Amino acid sequence: MGTLTNISTMSNTAGKVIKCKAAVAWEAGKPLVIEEVEVAPPQKHEVRLKILFTALCHTDVYFWEAKGQNPLFPRIFGHEAGGIVESVGEGVTELQPGDHVLPVFTGECKECAHCKSEESNMCDLLRINTDRGTMLNDGQTRFSKDGKPIYHFVGTSTFSEYTVSHVGSVAKINPAAPLDKVCVLSCGICTGFGATVNVAKPKKGSSVAIFGLGAVGLAAAEGARVSGASRIIGVDLNSNRFEEAKKFGVNEFVNPKDHNKPVQEVIAEMTNGGVDRSVECTGSIQAMISAFECVHDGWGVAVLVGVPSKDDAFKTHPMNFLNERTLKGTFYGNYKPRTDLPCVVEKYMNKEMELDKFITHSVPFSEINKAFEYMLAGEGIRCIIRMEH
């Protein structure tokens with residue numbers, strides 16, 4: 001698919017409503033339905049993207065099931081994807097038709113206090129908002145069917161052949177990068193990898209414990225491997241995950257169910273007082289406490305990645321802090337989407353990180369519900385969904 005032909009065909013659709021296929025969630029927990037929808041042109045500070053590849057992330061499944069949040073339907077889910085800019089709205093200067101991009105569930109306006117800070121990636125304007133189903137510019141949707149609105153999801157809605165995003169949530173990347181691989185960087189892989197390399201920052205030869213060996217946890221383990229950690233201890237309640245985790249540098253395993261004492265005590269005994277770093281990727285409050293209490297006094301750093309339930313409270317004895325253990329949190333691996341994501345793509349292009357091993361399944365867009373079946377069955381890590389333009 002040459003970019004030049006894309007630009008010529010795209011210029012014909014600029015400013016017009018596009019009819020295309022989208023996988024619509026009409027109600028919670030029910031299979032998605034491939035529908036013909038209308039996608040309006042991008043408004044001020046927006047871009048319309050032609051999605052080529054998208055992936056299914058656990059967050060999509062969580063909000064599709066809608067067991068613990070405000071249900072908002074009909075909705076188009078999807079937020080891990082790669083595509084090409086089809087057209088741009090008023091005021092967009094950073095992107096043009098034909099650019100290869102990754103849409104991201106958060107953003108970088110480049111103007112707020114967070115964006116101007118070197119220490120934060122939590123943009124005031126574009127920070128993730130799972131409750132909002134409309135565009136910031138006018139509070140309207142860009143998707144409709146038979147004149148009725150279909151809601152957006154985290155500003156991306158990539159389970160559609162075309163989608164509209166705020167320009168601040170779209171990262172321009174190297175056009176030579178394979179979109180069917182680098183699309184996984186727009187959420188889970190960066191979240192885990194960045195938690196380790198940007199926040200935990202393990203030294204060469206150090207020990208790292210990873211709590212939770214799903215996609216994000218394996219990405220955190222990959223970050224520890226790339227950093228040169230010598231002991232990477234995987235902690236998971238599912239021992240079936242241990243074999244797969246070896247590909248990501250995990251070389252020791254602990255299943256808390258195999259022990260009659262808290263897992264932090266088990267790890268402290270294994271490591272002569274505790275690990276140098278830990279990264280928690282489950283969202284379980286008990287795992288968070290264990291991840292903090294298993295790091296070594298004097299220099300240990302624990303990083304929380306998983307999102308807890310809304311009523312959870314973190315409890316530990318203050319002496320754990322006074323004995324010089326550090327607890328940190330992170331959001332999207334501390335990456336600024338527009339500034340940093342192109343550099344992470346280059347890491348992959350330069351073979352400084354591996355992505356292929358995260359991709360375990362691939363299905364055509366017409367079979368998107370299979371991707372949900374794989375995830376609900378706990379099969380594989382990431383399923384790539386190929387658009388059929």
# chains A, B, ... in the order shown; residues from 1 in each chain; ligands from 1
$ residues_around --residues "Ala287 of chain A" --least-positions-apart "5" --cutoff "8 Å" --atoms "only C-alpha atoms" --output "PyMOL selection string"
chain A and resi 211+280+282
$ select_by_dssp --residues "segment 136-273 of chain A" --states "strand (DSSP E)" --output "PyMOL selection string"
chain A and resi 143-145+148-150+162-166+170-172+207-211+231-235+252-254
$ residues_around --residues "segment 26-37 of chain A" --least-positions-apart "5" --cutoff "10 Å" --atoms "only C-alpha atoms" --output "number ranges by chain"
A: 17-21, 61-67, 71-77, 143-150, 159-162, 365-370, 372-373
$ residues_around --residues "segment 314-320 of chain A" --least-positions-apart "2" --cutoff "8 Å" --atoms "only C-alpha atoms" --output "count of residues only"
10
$ residues_around --residues "Glu118 of chain A" --least-positions-apart "5" --cutoff "12 Å" --atoms "only C-alpha atoms" --output "PyMOL selection string"
chain A and resi 110+112-113+123+334-336+339-340
$ atom_distance --atom1 "atom CA of Leu125 of chain A" --atom2 "atom CA of Lys44 of chain A"
14.7 Å
$ closest_atom_pairs --of "segment 297-387 of chain A" --to "segment 174-189 of chain A" --cutoff "10 Å" --atoms "only C-alpha atoms" --output "CSV"
residue,atom,partner,partner_atom,distance
A:Tyr332,CA,A:Cys187,CA,7.1
A:Gly333,CA,A:Ile189,CA,8.9
A:Pro337,CA,A:Ser186,CA,8.3
A:Leu341,CA,A:Leu185,CA,7.8
A:Pro342,CA,A:Asn174,CA,7.1
A:Cys343,CA,A:Asn174,CA,9.3
A:Val344,CA,A:Leu185,CA,8.0
A:Val345,CA,A:Val182,CA,6.6
A:Glu346,CA,A:Asn174,CA,7.6
A:Tyr348,CA,A:Val182,CA,7.9
A:Met349,CA,A:Ala177,CA,6.8
A:Glu354,CA,A:Lys181,CA,9.7
A:Leu355,CA,A:Lys181,CA,6.5
A:Asp356,CA,A:Lys181,CA,6.6
A:Lys357,CA,A:Lys181,CA,9.9
A:Phe358,CA,A:Val184,CA,8.4
A:Ile359,CA,A:Lys181,CA,7.8
A:Ser362,CA,A:Asp180,CA,9.6
A:Arg382,CA,A:Val184,CA,8.0
A:Cys383,CA,A:Val184,CA,9.5
A:Ile384,CA,A:Asp180,CA,7.1
A:Ile385,CA,A:Asp180,CA,8.7
A:Arg386,CA,A:Asp180,CA,8.0
$ closest_residue --among "A:His45, A:Arg241, A:His296, A:Lys347" --to "Glu379 of chain A" --atoms "only C-alpha atoms"
A:Arg241
$ select_by_dssp --residues "segment 270-303 of chain A" --states "alpha helix (DSSP H)" --output "list of chain:residue names"
A:Met270, A:Ile285, A:Gln286, A:Ala287, A:Met288, A:Ile289, A:Ser290, A:Ala291, A:Phe292, A:Glu293
$ write_last_selection --atoms "N, CA, C and O atoms" --output "PDB file, in the first residue's frame"
ATOM      1  N   MET A 270      14.149 -15.249  49.174  1.00  0.00           N
ATOM      2  CA  MET A 270      14.833 -15.644  47.927  1.00  0.00           C
ATOM      3  C   MET A 270      15.983 -14.698  47.584  1.00  0.00           C
ATOM      4  O   MET A 270      16.930 -15.089  46.896  1.00  0.00           O
ATOM      5  N   ILE A 285      -5.100  -4.861  45.035  1.00  0.00           N
ATOM      6  CA  ILE A 285      -4.529  -4.070  46.125  1.00  0.00           C
ATOM      7  C   ILE A 285      -3.546  -4.900  46.952  1.00  0.00           C
ATOM      8  O   ILE A 285      -2.521  -4.396  47.419  1.00  0.00           O
ATOM      9  N   GLN A 286      -3.815  -6.194  47.108  1.00  0.00           N
ATOM     10  CA  GLN A 286      -2.889  -7.044  47.867  1.00  0.00           C
ATOM     11  C   GLN A 286      -1.557  -7.185  47.123  1.00  0.00           C
ATOM     12  O   GLN A 286      -0.493  -7.173  47.736  1.00  0.00           O
ATOM     13  N   ALA A 287      -1.640  -7.300  45.791  1.00  0.00           N
ATOM     14  CA  ALA A 287      -0.402  -7.380  45.000  1.00  0.00           C
ATOM     15  C   ALA A 287       0.386  -6.078  45.108  1.00  0.00           C
ATOM     16  O   ALA A 287       1.623  -6.092  45.160  1.00  0.00           O
ATOM     17  N   MET A 288      -0.310  -4.944  45.156  1.00  0.00           N
ATOM     18  CA  MET A 288       0.371  -3.655  45.311  1.00  0.00           C
ATOM     19  C   MET A 288       1.142  -3.588  46.630  1.00  0.00           C
ATOM     20  O   MET A 288       2.302  -3.158  46.668  1.00  0.00           O
ATOM     21  N   ILE A 289       0.485  -4.024  47.712  1.00  0.00           N
ATOM     22  CA  ILE A 289       1.138  -4.003  49.023  1.00  0.00           C
ATOM     23  C   ILE A 289       2.334  -4.960  49.023  1.00  0.00           C
ATOM     24  O   ILE A 289       3.419  -4.615  49.496  1.00  0.00           O
ATOM     25  N   SER A 290       2.143  -6.145  48.443  1.00  0.00           N
ATOM     26  CA  SER A 290       3.242  -7.119  48.370  1.00  0.00           C
ATOM     27  C   SER A 290       4.408  -6.583  47.550  1.00  0.00           C
ATOM     28  O   SER A 290       5.574  -6.765  47.911  1.00  0.00           O
ATOM     29  N   ALA A 291       4.087  -5.908  46.428  1.00  0.00           N
ATOM     30  CA  ALA A 291       5.141  -5.373  45.558  1.00  0.00           C
ATOM     31  C   ALA A 291       5.978  -4.330  46.295  1.00  0.00           C
ATOM     32  O   ALA A 291       7.196  -4.253  46.109  1.00  0.00           O
ATOM     33  N   PHE A 292       5.324  -3.534  47.134  1.00  0.00           N
ATOM     34  CA  PHE A 292       6.062  -2.531  47.911  1.00  0.00           C
ATOM     35  C   PHE A 292       6.870  -3.184  49.021  1.00  0.00           C
ATOM     36  O   PHE A 292       8.056  -2.893  49.204  1.00  0.00           O
ATOM     37  N   GLU A 293       6.261  -4.107  49.741  1.00  0.00           N
ATOM     38  CA  GLU A 293       6.934  -4.685  50.904  1.00  0.00           C
ATOM     39  C   GLU A 293       8.017  -5.693  50.534  1.00  0.00           C
ATOM     40  O   GLU A 293       8.809  -6.085  51.390  1.00  0.00           O
TER      41      GLU A 293
END
$ atom_distance --atom1 "atom CA of Gly155 of chain A" --atom2 "atom CA of Leu304 of chain A"
24.5 Å
$ closest_residue --among "A:Glu80, A:Glu90, A:Asp99, A:Asp131" --to "Leu56 of chain A" --atoms "only C-alpha atoms"
A:Glu80
$ residues_around --residues "Glu252 of chain A" --least-positions-apart "4" --cutoff "10 Å" --atoms "only C-alpha atoms" --output "list of chain:residue names"
A:Ala209, A:Arg231, A:Ile232, A:Ile233, A:Gly234, A:Val235, A:Phe242, A:Ala245, A:Lys246
$ write_last_selection --atoms "all heavy atoms" --output "compact mmCIF listing (two decimals), in the first residue's frame"
# COMPACT_ATOMS: atom_id res chain seq x y z
N ALA A 209 11.22 -7.81 40.54
CA ALA A 209 10.03 -8.67 40.63
C ALA A 209 8.91 -8.03 39.82
O ALA A 209 8.66 -6.83 39.94
CB ALA A 209 9.60 -8.83 42.08
N ARG A 231 18.27 -10.92 37.71
CA ARG A 231 17.20 -11.77 38.25
C ARG A 231 15.87 -11.08 37.99
O ARG A 231 15.64 -9.98 38.47
CB ARG A 231 17.38 -11.99 39.76
CG ARG A 231 18.59 -12.81 40.12
CD ARG A 231 18.65 -13.05 41.63
NE ARG A 231 17.69 -14.04 42.09
CZ ARG A 231 17.59 -14.44 43.36
NH1 ARG A 231 18.36 -13.90 44.30
NH2 ARG A 231 16.69 -15.35 43.70
N ILE A 232 15.02 -11.72 37.19
CA ILE A 232 13.69 -11.19 36.91
C ILE A 232 12.70 -12.23 37.41
O ILE A 232 12.60 -13.33 36.85
CB ILE A 232 13.50 -10.89 35.41
CG1 ILE A 232 14.60 -9.93 34.91
CG2 ILE A 232 12.12 -10.29 35.17
CD1 ILE A 232 14.57 -9.65 33.42
N ILE A 233 12.02 -11.89 38.50
CA ILE A 233 11.14 -12.83 39.18
C ILE A 233 9.70 -12.52 38.80
O ILE A 233 9.19 -11.43 39.06
CB ILE A 233 11.32 -12.73 40.71
CG1 ILE A 233 12.79 -12.99 41.09
CG2 ILE A 233 10.38 -13.70 41.44
CD1 ILE A 233 13.12 -12.63 42.53
N GLY A 234 9.03 -13.47 38.18
CA GLY A 234 7.63 -13.30 37.80
C GLY A 234 6.71 -13.83 38.89
O GLY A 234 6.92 -14.93 39.40
N VAL A 235 5.72 -13.03 39.24
CA VAL A 235 4.75 -13.42 40.27
C VAL A 235 3.37 -13.44 39.64
O VAL A 235 2.91 -12.43 39.11
CB VAL A 235 4.78 -12.43 41.47
CG1 VAL A 235 3.82 -12.88 42.56
CG2 VAL A 235 6.20 -12.25 42.00
N PHE A 242 4.03 -19.01 33.20
CA PHE A 242 5.48 -18.96 33.47
C PHE A 242 6.32 -19.33 32.25
O PHE A 242 7.36 -18.72 32.00
CB PHE A 242 5.83 -19.86 34.66
CG PHE A 242 5.26 -19.37 35.98
CD1 PHE A 242 5.25 -20.18 37.09
CD2 PHE A 242 4.74 -18.08 36.09
CE1 PHE A 242 4.72 -19.73 38.30
CE2 PHE A 242 4.21 -17.62 37.29
CZ PHE A 242 4.21 -18.45 38.40
N ALA A 245 6.55 -16.49 29.81
CA ALA A 245 7.29 -15.36 30.37
C ALA A 245 8.80 -15.50 30.21
O ALA A 245 9.53 -14.50 30.25
CB ALA A 245 6.93 -15.18 31.84
N LYS A 246 9.27 -16.72 30.01
CA LYS A 246 10.72 -16.92 29.83
C LYS A 246 11.22 -16.17 28.59
O LYS A 246 12.36 -15.70 28.56
CB LYS A 246 11.04 -18.41 29.70
CG LYS A 246 10.86 -19.19 30.99
CD LYS A 246 11.14 -20.67 30.78
CE LYS A 246 10.87 -21.46 32.06
NZ LYS A 246 11.01 -22.92 31.84
$ atom_distance --atom1 "atom CA of Thr141 of chain A" --atom2 "atom CA of Asp60 of chain A"
18.8 Å
